[in-house]
>>> print(open('work35.pdb').read())   # PDB, C-alpha atoms
ATOM      1  CA  MET B   1       0.000   0.000   0.000
ATOM      2  CA  PRO B   2       1.184   3.595  -0.515
ATOM      3  CA  SER B   3       2.773   5.489   2.352
ATOM      4  CA  THR B   4       0.546   7.346   4.788
ATOM      5  CA  LYS B   5       1.225  10.741   6.318
ATOM      6  CA  ILE B   6       0.731  10.893  10.068
ATOM      7  CA  ALA B   7       0.818  13.876  12.452
ATOM      8  CA  LEU B   8       2.015  14.112  16.046
ATOM      9  CA  ILE B   9       0.497  17.079  17.842
ATOM     10  CA  GLN B  10       2.900  18.634  20.349
ATOM     11  CA  ALA B  11       0.803  21.124  22.274
ATOM     12  CA  ALA B  12      -0.393  21.839  25.798
ATOM     13  CA  SER B  13      -3.891  21.462  27.102
ATOM     14  CA  VAL B  14      -5.828  24.522  28.113
ATOM     15  CA  LEU B  15      -5.493  23.430  31.710
ATOM     16  CA  PHE B  16      -8.671  23.171  33.786
ATOM     17  CA  ASN B  17     -10.763  24.181  30.747
ATOM     18  CA  LEU B  18     -12.412  21.288  28.942
ATOM     19  CA  GLU B  19     -14.191  23.250  26.233
ATOM     20  CA  ALA B  20     -11.166  25.383  25.355
ATOM     21  CA  SER B  21      -9.013  22.240  25.097
ATOM     22  CA  ILE B  22     -11.488  20.741  22.620
ATOM     23  CA  ASP B  23     -11.452  23.993  20.630
ATOM     24  CA  LYS B  24      -7.655  23.802  20.500
ATOM     25  CA  ALA B  25      -7.803  20.163  19.426
ATOM     26  CA  ARG B  26     -10.153  21.115  16.590
ATOM     27  CA  ARG B  27      -7.817  23.833  15.324
ATOM     28  CA  LEU B  28      -4.737  21.613  15.458
ATOM     29  CA  THR B  29      -6.487  18.667  13.815
ATOM     30  CA  ALA B  30      -7.672  20.950  11.009
ATOM     31  CA  GLU B  31      -4.085  22.079  10.449
ATOM     32  CA  ALA B  32      -2.809  18.497  10.353
ATOM     33  CA  ALA B  33      -5.551  17.353   7.988
ATOM     34  CA  ALA B  34      -4.917  20.299   5.661
ATOM     35  CA  ALA B  35      -1.290  19.135   5.437
ATOM     36  CA  GLY B  36      -2.466  15.702   4.300
ATOM     37  CA  ALA B  37      -2.277  13.730   7.550
ATOM     38  CA  ARG B  38      -4.637  10.777   7.822
ATOM     39  CA  LEU B  39      -3.880  10.065  11.483
ATOM     40  CA  ALA B  40      -3.468  12.688  14.221
ATOM     41  CA  LEU B  41      -2.038  11.649  17.586
ATOM     42  CA  PHE B  42      -2.375  13.958  20.595
ATOM     43  CA  PRO B  43      -0.305  13.677  23.805
ATOM     44  CA  GLU B  44      -1.194  11.940  27.027
ATOM     45  CA  ALA B  45      -3.971  13.766  28.911
ATOM     46  CA  PHE B  46      -4.430  16.519  26.317
ATOM     47  CA  ILE B  47      -8.124  16.696  27.179
ATOM     48  CA  GLY B  48      -8.410  17.272  30.912
ATOM     49  CA  GLY B  49      -4.730  18.085  31.318
ATOM     50  CA  TYR B  50      -1.621  16.554  32.835
ATOM     51  CA  PRO B  51      -1.350  18.568  36.099
ATOM     52  CA  ARG B  52       2.429  18.439  36.389
ATOM     53  CA  GLY B  53       3.687  19.900  39.673
ATOM     54  CA  LEU B  54       0.344  19.964  41.505
ATOM     55  CA  ALA B  55      -0.104  17.914  44.671
ATOM     56  CA  PHE B  56      -3.878  18.145  45.247
ATOM     57  CA  GLY B  57      -3.147  18.620  48.948
ATOM     58  CA  THR B  58      -2.085  14.995  49.264
ATOM     59  CA  VAL B  59       0.766  13.474  51.237
ATOM     60  CA  VAL B  60       0.951  10.015  52.722
ATOM     61  CA  GLY B  61      -1.599   9.902  55.533
ATOM     62  CA  SER B  62      -3.216  13.295  54.929
ATOM     63  CA  ARG B  63      -5.368  15.294  52.485
ATOM     64  CA  SER B  64      -6.251  18.995  52.693
ATOM     65  CA  SER B  65      -9.525  20.801  52.040
ATOM     66  CA  GLN B  66      -7.742  23.051  49.523
ATOM     67  CA  GLY B  67      -6.551  19.958  47.691
ATOM     68  CA  ARG B  68     -10.105  18.654  47.514
ATOM     69  CA  GLU B  69     -11.171  21.936  45.898
ATOM     70  CA  GLN B  70      -8.364  21.563  43.358
ATOM     71  CA  TRP B  71      -9.504  18.009  42.692
ATOM     72  CA  LEU B  72     -13.067  19.258  42.138
ATOM     73  CA  ASP B  73     -11.773  21.711  39.537
ATOM     74  CA  TYR B  74      -9.887  18.924  37.773
ATOM     75  CA  TYR B  75     -12.874  16.557  38.008
ATOM     76  CA  GLN B  76     -15.258  19.087  36.511
ATOM     77  CA  ASN B  77     -13.023  19.495  33.453
ATOM     78  CA  ALA B  78     -12.631  15.777  32.764
ATOM     79  CA  LEU B  79     -14.312  14.172  29.771
ATOM     80  CA  VAL B  80     -17.497  12.255  30.544
ATOM     81  CA  MET B  81     -18.106   9.314  28.257
ATOM     82  CA  GLY B  82     -21.274   9.813  26.210
ATOM     83  CA  SER B  83     -21.411  13.563  26.899
ATOM     84  CA  PRO B  84     -21.781  16.463  24.416
ATOM     85  CA  ALA B  85     -18.050  17.108  24.867
ATOM     86  CA  MET B  86     -17.379  13.543  23.728
ATOM     87  CA  GLU B  87     -19.522  14.145  20.649
ATOM     88  CA  ARG B  88     -17.537  17.301  19.922
ATOM     89  CA  LEU B  89     -14.362  15.213  19.800
ATOM     90  CA  ALA B  90     -16.006  12.689  17.499
ATOM     91  CA  SER B  91     -17.113  15.502  15.214
ATOM     92  CA  ILE B  92     -13.504  16.692  14.839
ATOM     93  CA  ALA B  93     -12.495  13.322  13.385
ATOM     94  CA  ARG B  94     -15.590  13.268  11.181
ATOM     95  CA  GLU B  95     -15.199  16.835   9.942
ATOM     96  CA  HIS B  96     -11.569  16.326   8.901
ATOM     97  CA  SER B  97     -11.791  12.634   7.873
ATOM     98  CA  VAL B  98      -8.860  11.538  10.026
ATOM     99  CA  TYR B  99      -8.153   8.829  12.529
ATOM    100  CA  LEU B 100      -8.023  10.929  15.687
ATOM    101  CA  VAL B 101      -6.270   9.417  18.701
ATOM    102  CA  MET B 102      -6.700  11.563  21.781
ATOM    103  CA  GLY B 103      -5.137  11.436  25.224
ATOM    104  CA  ALA B 104      -7.898  12.296  27.686
ATOM    105  CA  ILE B 105      -8.713  12.352  31.368
ATOM    106  CA  GLU B 106     -12.110  10.734  31.430
ATOM    107  CA  ARG B 107     -14.680   9.381  33.806
ATOM    108  CA  SER B 108     -17.501   6.987  33.232
ATOM    109  CA  GLN B 109     -21.133   7.867  33.762
ATOM    110  CA  GLN B 110     -21.344   5.186  36.460
ATOM    111  CA  GLY B 111     -18.747   6.551  38.886
ATOM    112  CA  ASN B 112     -16.488   9.389  39.957
ATOM    113  CA  THR B 113     -13.035   7.892  39.378
ATOM    114  CA  LEU B 114     -10.873   9.589  36.742
ATOM    115  CA  TYR B 115      -8.813   7.611  34.258
ATOM    116  CA  CYS B 116      -5.944   8.545  31.955
ATOM    117  CA  SER B 117      -7.189   7.203  28.645
ATOM    118  CA  LEU B 118      -6.419   6.923  24.964
ATOM    119  CA  LEU B 119      -9.461   7.329  22.705
ATOM    120  CA  TYR B 120      -9.479   6.214  19.063
ATOM    121  CA  PHE B 121     -11.940   7.835  16.646
ATOM    122  CA  SER B 122     -12.512   6.761  13.050
ATOM    123  CA  PRO B 123     -12.723   9.239  10.130
ATOM    124  CA  GLU B 124     -16.496   8.764  10.387
ATOM    125  CA  GLY B 125     -16.470   9.960  13.996
ATOM    126  CA  GLN B 126     -17.050   6.575  15.591
ATOM    127  CA  LEU B 127     -15.316   5.761  18.879
ATOM    128  CA  LEU B 128     -13.369   2.655  17.873
ATOM    129  CA  HIS B 129     -11.535   1.953  21.103
ATOM    130  CA  GLN B 130     -10.920   3.214  24.626
ATOM    131  CA  HIS B 131      -7.782   2.236  26.541
ATOM    132  CA  ARG B 132      -7.319   3.235  30.178
ATOM    133  CA  LYS B 133      -3.784   3.469  31.528
ATOM    134  CA  LEU B 134      -3.079   0.215  33.314
ATOM    135  CA  LYS B 135      -0.876   1.559  36.093
ATOM    136  CA  PRO B 136      -0.594   5.295  36.806
ATOM    137  CA  THR B 137       2.927   6.214  37.868
ATOM    138  CA  ALA B 138       3.839   7.410  41.383
ATOM    139  CA  ALA B 139       1.715  10.437  42.421
ATOM    140  CA  GLU B 140      -0.547   9.971  39.385
ATOM    141  CA  ARG B 141      -2.205   7.291  41.528
ATOM    142  CA  PHE B 142      -3.604  10.009  43.800
ATOM    143  CA  ILE B 143      -5.793  11.300  40.988
ATOM    144  CA  TRP B 144      -6.282   8.464  38.444
ATOM    145  CA  GLY B 145      -7.678   4.981  38.751
ATOM    146  CA  GLU B 146      -6.235   1.875  37.099
ATOM    147  CA  GLY B 147      -7.391   0.341  33.856
ATOM    148  CA  ASP B 148      -7.349  -3.355  33.028
ATOM    149  CA  GLY B 149      -5.839  -5.583  30.392
ATOM    150  CA  ASN B 150      -9.061  -6.015  28.433
ATOM    151  CA  SER B 151      -8.243  -2.893  26.412
ATOM    152  CA  LEU B 152      -4.863  -4.143  25.144
ATOM    153  CA  GLN B 153      -6.149  -4.352  21.583
ATOM    154  CA  VAL B 154      -4.725  -3.568  18.166
ATOM    155  CA  LEU B 155      -7.135  -2.146  15.587
ATOM    156  CA  GLU B 156      -7.241  -3.283  11.967
ATOM    157  CA  THR B 157      -7.576  -0.132   9.838
ATOM    158  CA  PRO B 158      -6.928   0.844   6.207
ATOM    159  CA  LEU B 159      -3.779   2.608   7.471
ATOM    160  CA  GLY B 160      -2.410  -0.501   9.140
ATOM    161  CA  ARG B 161      -2.690  -2.271  12.482
ATOM    162  CA  ILE B 162      -2.777   0.468  15.131
ATOM    163  CA  GLY B 163      -2.552   0.267  18.916
ATOM    164  CA  GLY B 164      -0.558   1.663  21.801
ATOM    165  CA  LEU B 165       0.231   2.276  25.440
ATOM    166  CA  ILE B 166       0.372   5.447  27.518
ATOM    167  CA  CYS B 167       3.659   6.775  28.891
ATOM    168  CA  TRP B 168       5.299   4.488  31.455
ATOM    169  CA  GLU B 169       3.042   1.499  30.846
ATOM    170  CA  ASN B 170       5.384   1.146  27.854
ATOM    171  CA  TYR B 171       7.934  -0.062  30.419
ATOM    172  CA  MET B 172       5.707  -3.092  31.155
ATOM    173  CA  PRO B 173       7.154  -5.907  28.992
ATOM    174  CA  LEU B 174       4.033  -8.074  28.985
ATOM    175  CA  ALA B 175       1.832  -5.146  27.935
ATOM    176  CA  ARG B 176       4.132  -4.516  24.975
ATOM    177  CA  LEU B 177       4.126  -8.218  24.143
ATOM    178  CA  ALA B 178       0.326  -8.233  24.094
ATOM    179  CA  LEU B 179       0.484  -5.690  21.276
ATOM    180  CA  TYR B 180       3.316  -7.433  19.421
ATOM    181  CA  GLU B 181       1.308 -10.663  19.435
ATOM    182  CA  GLN B 182      -1.421  -8.830  17.512
ATOM    183  CA  ASN B 183       1.035  -7.887  14.761
ATOM    184  CA  ILE B 184       1.029  -4.189  15.569
ATOM    185  CA  GLN B 185       2.432  -1.992  12.784
ATOM    186  CA  ILE B 186       1.796   1.551  14.059
ATOM    187  CA  TYR B 187       2.497   1.736  17.784
ATOM    188  CA  LEU B 188       1.267   4.865  19.596
ATOM    189  CA  ALA B 189       3.063   6.052  22.735
ATOM    190  CA  PRO B 190       1.672   9.389  23.953
ATOM    191  CA  THR B 191       3.526  10.569  27.029
ATOM    192  CA  ALA B 192       4.395  13.265  29.559
ATOM    193  CA  ASP B 193       8.071  12.197  29.729
ATOM    194  CA  GLN B 194      10.618  14.681  28.350
ATOM    195  CA  ARG B 195      13.828  12.883  29.315
ATOM    196  CA  ASP B 196      16.530  11.625  26.972
ATOM    197  CA  SER B 197      15.904   8.111  28.294
ATOM    198  CA  TRP B 198      12.369   8.275  26.884
ATOM    199  CA  GLN B 199      13.798   8.808  23.407
ATOM    200  CA  ALA B 200      15.849   5.647  23.915
ATOM    201  CA  THR B 201      12.734   3.800  25.085
ATOM    202  CA  LEU B 202      10.811   4.632  21.920
ATOM    203  CA  ARG B 203      13.698   3.549  19.714
ATOM    204  CA  HIS B 204      14.001   0.306  21.667
ATOM    205  CA  ILE B 205      10.280  -0.456  21.270
ATOM    206  CA  ALA B 206      10.467   0.224  17.528
ATOM    207  CA  CYS B 207      13.463  -2.101  17.166
ATOM    208  CA  GLU B 208      12.010  -4.754  19.473
ATOM    209  CA  GLY B 209       8.526  -4.734  17.966
ATOM    210  CA  ARG B 210       9.636  -4.053  14.377
ATOM    211  CA  CYS B 211       6.974  -1.379  14.066
ATOM    212  CA  TYR B 212       6.655   2.366  13.698
ATOM    213  CA  VAL B 213       6.507   4.089  17.093
ATOM    214  CA  LEU B 214       4.830   7.481  17.424
ATOM    215  CA  GLY B 215       5.634   9.364  20.634
ATOM    216  CA  SER B 216       3.674  12.576  21.200
ATOM    217  CA  ASN B 217       4.285  14.881  24.183
ATOM    218  CA  GLN B 218       3.115  18.288  25.366
ATOM    219  CA  PHE B 219       5.145  21.492  25.501
ATOM    220  CA  VAL B 220       4.133  23.179  28.764
ATOM    221  CA  THR B 221       5.177  26.309  30.658
ATOM    222  CA  GLN B 222       4.152  27.616  34.078
ATOM    223  CA  SER B 223       2.374  30.547  32.439
ATOM    224  CA  MET B 224      -0.098  28.123  30.822
ATOM    225  CA  TYR B 225      -1.576  27.256  34.235
ATOM    226  CA  PRO B 226      -4.444  29.213  35.797
ATOM    227  CA  GLU B 227      -2.921  31.971  37.908
ATOM    228  CA  LYS B 228      -4.341  30.537  41.138
ATOM    229  CA  TYR B 229      -2.219  27.392  40.660
ATOM    230  CA  GLN B 230       1.021  28.998  39.546
ATOM    231  CA  VAL B 231       2.169  29.727  43.111
ATOM    232  CA  GLU B 232       2.420  25.964  43.711
ATOM    233  CA  LEU B 233       4.896  25.738  40.821
ATOM    234  CA  LYS B 234       7.242  28.561  41.873
ATOM    235  CA  GLU B 235      10.149  26.235  42.722
ATOM    236  CA  MET B 236       9.893  24.412  39.384
ATOM    237  CA  PRO B 237      11.431  25.398  36.008
ATOM    238  CA  LYS B 238       9.535  27.925  33.910
ATOM    239  CA  VAL B 239       9.356  25.322  31.138
ATOM    240  CA  LEU B 240       7.722  22.341  32.785
ATOM    241  CA  CYS B 241       7.871  20.039  29.778
ATOM    242  CA  ARG B 242      10.099  20.529  26.705
ATOM    243  CA  GLY B 243       8.200  18.123  24.466
ATOM    244  CA  GLY B 244      10.384  15.778  22.456
ATOM    245  CA  SER B 245       7.759  14.268  20.151
ATOM    246  CA  VAL B 246       9.390  11.768  17.817
ATOM    247  CA  VAL B 247       8.720   9.047  15.248
ATOM    248  CA  ALA B 248      10.913   5.944  15.170
ATOM    249  CA  GLY B 249      11.025   3.527  12.253
ATOM    250  CA  PRO B 250      10.861  -0.284  12.540
ATOM    251  CA  LEU B 251      14.649  -0.620  12.708
ATOM    252  CA  GLY B 252      14.837   1.834  15.609
ATOM    253  CA  ASP B 253      15.981   4.769  13.487
ATOM    254  CA  ILE B 254      14.536   8.255  14.035
ATOM    255  CA  ILE B 255      12.553   9.336  10.980
ATOM    256  CA  ALA B 256      11.009  12.552  12.365
ATOM    257  CA  GLY B 257      11.896  14.786  15.303
ATOM    258  CA  PRO B 258      12.470  15.008  18.113
ATOM    259  CA  LEU B 259      10.681  18.348  18.403
ATOM    260  CA  TRP B 260      11.883  20.380  21.395
ATOM    261  CA  ASP B 261      10.973  23.619  23.180
ATOM    262  CA  GLU B 262       7.908  24.668  21.195
ATOM    263  CA  GLU B 263       4.411  23.740  20.249
ATOM    264  CA  GLY B 264       4.115  22.304  16.774
ATOM    265  CA  ILE B 265       3.041  19.419  14.568
ATOM    266  CA  LEU B 266       5.516  16.723  13.589
ATOM    267  CA  TYR B 267       4.815  14.876  10.332
ATOM    268  CA  ALA B 268       6.127  11.587   8.975
ATOM    269  CA  ASP B 269       5.305   9.122   6.209
ATOM    270  CA  ILE B 270       4.534   5.538   7.234
ATOM    271  CA  ASP B 271       5.343   2.769   4.724
ATOM    272  CA  LEU B 272       4.158  -0.638   5.935
ATOM    273  CA  ASP B 273       6.523  -2.425   3.553
ATOM    274  CA  GLU B 274       9.306  -1.204   5.860
ATOM    275  CA  VAL B 275       7.677  -3.130   8.720
ATOM    276  CA  ILE B 276       7.718  -6.324   6.675
ATOM    277  CA  LYS B 277      11.312  -5.824   5.540
ATOM    278  CA  SER B 278      12.459  -5.205   9.114
ATOM    279  CA  LYS B 279      11.378  -8.719  10.133
ATOM    280  CA  LEU B 280      13.931 -10.429   7.921
ATOM    281  CA  ASP B 281      16.259 -10.814  10.886
ATOM    282  CA  PHE B 282      14.013 -10.323  13.939
ATOM    283  CA  ASP B 283      10.379 -11.057  14.805
ATOM    284  CA  VAL B 284       9.696 -11.143  18.522
ATOM    285  CA  VAL B 285       6.539 -13.285  18.143
ATOM    286  CA  GLY B 286       7.727 -15.206  15.074
ATOM    287  CA  HIS B 287      11.063 -16.764  14.238
ATOM    288  CA  TYR B 288      12.766 -14.945  17.160
ATOM    289  CA  GLY B 289      10.032 -15.834  19.616
ATOM    290  CA  TRP B 290      10.507 -18.297  22.465
ATOM    291  CA  ARG B 291       7.940 -20.986  23.085
ATOM    292  CA  GLY B 292       8.484 -23.162  26.130
TER     293      GLY B 292
END
>>> encode(input="work35.pdb", output="structure tokens")
Amino acid sequence: MPSTKIALIQAASVLFNLEASIDKARRLTAEAAAAGARLALFPEAFIGGYPRGLAFGTVVGSRSSQGREQWLDYYQNALVMGSPAMERLASIAREHSVYLVMGAIERSQQGNTLYCSLLYFSPEGQLLHQHRKLKPTAAERFIWGEGDGNSLQVLETPLGRIGGLICWENYMPLARLALYEQNIQIYLAPTADQRDSWQATLRHIACEGRCYVLGSNQFVTQSMYPEKYQVELKEMPKVLCRGGSVVAGPLGDIIAGPLWDEEGILYADIDLDEVIKSKLDFDVVGHYGWRG
């Protein structure tokens, strides 16, 4: 099949503002689609926000009333499944005829727990898949619940076999293997990690899985936070997250990016023949697989 242009959106949420974040997602998706992208990947927690540096009044053994108010603010700007805000996201994919994959903080209609999720929309605006982060990392566990392994699925699409994991669940070998066993070709890894070691992780996954790996991150500064929360960040760097969005090819080579220190859209062309060719000498679930 011919190559496919994909787009990684490196941009910050409009923190604590659900509707404005969706408006921003619409504008950025329109820009990517106008450039010819057929798949647009947003970072972890783009909708709802990744509240880097905030503690929600929580330490081991104690919670504060101010922290509960902060939590309420965060909760009220999460995405509710089946809501008008959810339909607005679906309409973005439909309007621009793209596969839209969105990092979102969401909650179900049945409860009040928040989850860090990855939502897949078809070009027709259908929600194809919802994956909740299996294991939030460190203090993320104060604010997000845990998903389960039932959502470790790879989707068959005209663009290729697409799936992914969120941020540090990519360090879980069996979760990666679950995707490899489904012959994943386009592996999505939205994140909040800006470290050099994360770049190495994405290259390793691409080489290990013999697949394209798309890593999208946010570029975030203190000034992007509501003023009432900036005081809590005063001891942190002015740039809270440098970005580093990148695309790795199926031999572990970097084919686009990394993009640092600015908002922007990173483009790359995906050629599935390269996935097939890469398996000449390594296939983790084929001729290089171990079966006891």
>>> closest_atom_pairs(input="work35.pdb", of="region 30-109 of chain B", to="region 234-244 of chain B", cutoff="10 Å", atoms="all atoms listed in the file", output="JSON lines")
{"residue": "B:Pro43", "atom": "CA", "partner": "B:Gly243", "partner_atom": "CA", "distance": 9.6}
{"residue": "B:Arg52", "atom": "CA", "partner": "B:Leu240", "partner_atom": "CA", "distance": 7.5}
{"residue": "B:Gly53", "atom": "CA", "partner": "B:Met236", "partner_atom": "CA", "distance": 7.7}
>>> resolve_selection(input="work35.pdb", expression="the PyMOL selection byres ((chain B and resi 75-84) around 10)", output="CSV table (one decimal) with C-alpha atoms, in the frame of the given file")
chain,number,residue,atom,x,y,z
B,15,LEU,CA,-5.5,23.4,31.7
B,16,PHE,CA,-8.7,23.2,33.8
B,17,ASN,CA,-10.8,24.2,30.7
B,18,LEU,CA,-12.4,21.3,28.9
B,19,GLU,CA,-14.2,23.2,26.2
B,21,SER,CA,-9.0,22.2,25.1
B,45,ALA,CA,-4.0,13.8,28.9
B,47,ILE,CA,-8.1,16.7,27.2
B,48,GLY,CA,-8.4,17.3,30.9
B,49,GLY,CA,-4.7,18.1,31.3
B,69,GLU,CA,-11.2,21.9,45.9
B,70,GLN,CA,-8.4,21.6,43.4
B,71,TRP,CA,-9.5,18.0,42.7
B,72,LEU,CA,-13.1,19.3,42.1
B,73,ASP,CA,-11.8,21.7,39.5
B,74,TYR,CA,-9.9,18.9,37.8
B,85,ALA,CA,-18.0,17.1,24.9
B,86,MET,CA,-17.4,13.5,23.7
B,87,GLU,CA,-19.5,14.1,20.6
B,88,ARG,CA,-17.5,17.3,19.9
B,89,LEU,CA,-14.4,15.2,19.8
B,90,ALA,CA,-16.0,12.7,17.5
B,104,ALA,CA,-7.9,12.3,27.7
B,105,ILE,CA,-8.7,12.4,31.4
B,106,GLU,CA,-12.1,10.7,31.4
B,107,ARG,CA,-14.7,9.4,33.8
B,108,SER,CA,-17.5,7.0,33.2
B,109,GLN,CA,-21.1,7.9,33.8
B,110,GLN,CA,-21.3,5.2,36.5
B,112,ASN,CA,-16.5,9.4,40.0
B,113,THR,CA,-13.0,7.9,39.4
B,114,LEU,CA,-10.9,9.6,36.7
B,115,TYR,CA,-8.8,7.6,34.3
B,116,CYS,CA,-5.9,8.5,32.0
B,143,ILE,CA,-5.8,11.3,41.0
>>> closest_residue(input="work35.pdb", among="B:His287, B:Glu124, B:Leu179, B:Arg210", to="Ile162 (chain B)", atoms="only C-alpha atoms")
B:Leu179
>>> residues_near_point(input="work35.pdb", point="(-9.6, -0.4, 17.8)", cutoff="8 Å", atoms="only C-alpha atoms", output="JSON, numbers by chain")
{"B": [120, 128, 129, 130, 153, 154, 155, 156, 162, 163]}
>>> atom_distance(input="work35.pdb", atom1="CA of Ile254 (chain B)", atom2="CA of Gly289 (chain B)")
25.1 Å
>>> resolve_selection(input="work35.pdb", expression="the PyMOL selection byres ((chain B and resi 67) around 8)", output="PyMOL selection string")
chain B and resi 55-58+63-66+68-71
>>> closest_residue(input="work35.pdb", among="B:Leu41, B:Ala206, B:Leu119, B:Ala175", to="Leu8 (chain B)", atoms="all atoms listed in the file")
B:Leu41
>>> resolve_selection(input="work35.pdb", expression="the PyMOL selection byres ((chain B and resi 22-31) around 10)", output="VMD selection string")
chain B and resid 7 to 14 17 to 21 32 to 37 39 to 42 46 to 48 85 to 86 88 to 89 91 to 93 95 to 98 100 102 264 to 265
>>> atom_distance(input="work35.pdb", atom1="CA of Trp290 (chain B)", atom2="CA of Leu214 (chain B)")
26.9 Å
>>> closest_residue(input="work35.pdb", among="B:Ser62, B:Gly145, B:Pro51, B:Leu134", to="Gln218 (chain B)", atoms="all atoms listed in the file")
B:Pro51
>>> residues_around(input="work35.pdb", residues="Ala256 (chain B)", least_positions_apart="2", cutoff="8 Å", atoms="only C-alpha atoms", output="ChimeraX atom specification")
/B:246-248,254,258,266-268
>>> residues_around(input="work35.pdb", residues="Ile205 (chain B)", least_positions_apart="2", cutoff="9 Å", atoms="all atoms listed in the file", output="mmCIF file with C-alpha atoms, in the frame of the given file")
data_model
loop_
_atom_site.group_PDB
_atom_site.id
_atom_site.type_symbol
_atom_site.label_atom_id
_atom_site.label_comp_id
_atom_site.auth_asym_id
_atom_site.auth_seq_id
_atom_site.Cartn_x
_atom_site.Cartn_y
_atom_site.Cartn_z
ATOM 1 C CA ASN B 170 5.384 1.146 27.854
ATOM 2 C CA ARG B 176 4.132 -4.516 24.975
ATOM 3 C CA TYR B 187 2.497 1.736 17.784
ATOM 4 C CA ALA B 200 15.849 5.647 23.915
ATOM 5 C CA THR B 201 12.734 3.800 25.085
ATOM 6 C CA LEU B 202 10.811 4.632 21.920
ATOM 7 C CA ARG B 203 13.698 3.549 19.714
ATOM 8 C CA CYS B 207 13.463 -2.101 17.166
ATOM 9 C CA GLU B 208 12.010 -4.754 19.473
ATOM 10 C CA GLY B 209 8.526 -4.734 17.966
ATOM 11 C CA ARG B 210 9.636 -4.053 14.377
ATOM 12 C CA CYS B 211 6.974 -1.379 14.066
ATOM 13 C CA TYR B 212 6.655 2.366 13.698
ATOM 14 C CA VAL B 213 6.507 4.089 17.093
ATOM 15 C CA ALA B 248 10.913 5.944 15.170
ATOM 16 C CA PRO B 250 10.861 -0.284 12.540
ATOM 17 C CA GLY B 252 14.837 1.834 15.609
#
>>> atom_distance(input="work35.pdb", atom1="CA of Ser245 (chain B)", atom2="CA of Trp260 (chain B)")
7.5 Å
>>> closest_residue(input="work35.pdb", among="B:Tyr288, B:Thr191, B:Asp281, B:Tyr225", to="Thr137 (chain B)", atoms="only C-alpha atoms")
B:Thr191
>>> closest_residue(input="work35.pdb", among="B:Pro123, B:Gly160, B:Gly111, B:Gly61", to="Pro2 (chain B)", atoms="only C-alpha atoms")
B:Gly160
>>> closest_residue(input="work35.pdb", among="B:Leu159, B:Glu44, B:Tyr99, B:Ala139", to="Leu272 (chain B)", atoms="all atoms listed in the file")
B:Leu159
>>> axis_aligned_box(input="work35.pdb", around="region 151-162 of chain B", padding_each_side="8 Å", output="JSON")
{"center_x": -5.3, "center_y": -0.9, "center_z": 16.3, "size_x": 21.8, "size_y": 23.0, "size_z": 36.2}
>>> residues_near_point(input="work35.pdb", point="(12.0, 9.1, 33.8)", cutoff="12 Å", atoms="only C-alpha atoms", output="list in words")
Thr137, Ala138, Cys167, Trp168, Asn170, Tyr171, Thr191, Ala192, Asp193, Gln194, Arg195, Asp196, Ser197, Trp198, Gln199, Ala200 and Thr201 of chain B
>>> decode(input="work35.pdb", residues="region 51-63 of chain B", atoms="C-alpha atoms", output="PDB file, in the first residue's frame")
ATOM      1  CA  PRO B  51      -1.350  18.568  36.099  1.00  0.00           C
ATOM      2  CA  ARG B  52       2.429  18.439  36.389  1.00  0.00           C
ATOM      3  CA  GLY B  53       3.687  19.900  39.673  1.00  0.00           C
ATOM      4  CA  LEU B  54       0.344  19.964  41.505  1.00  0.00           C
ATOM      5  CA  ALA B  55      -0.104  17.914  44.671  1.00  0.00           C
ATOM      6  CA  PHE B  56      -3.878  18.145  45.247  1.00  0.00           C
ATOM      7  CA  GLY B  57      -3.147  18.620  48.948  1.00  0.00           C
ATOM      8  CA  THR B  58      -2.085  14.995  49.264  1.00  0.00           C
ATOM      9  CA  VAL B  59       0.766  13.474  51.237  1.00  0.00           C
ATOM     10  CA  VAL B  60       0.951  10.015  52.722  1.00  0.00           C
ATOM     11  CA  GLY B  61      -1.599   9.902  55.533  1.00  0.00           C
ATOM     12  CA  SER B  62      -3.216  13.295  54.929  1.00  0.00           C
ATOM     13  CA  ARG B  63      -5.368  15.294  52.485  1.00  0.00           C
TER      14      ARG B  63
END
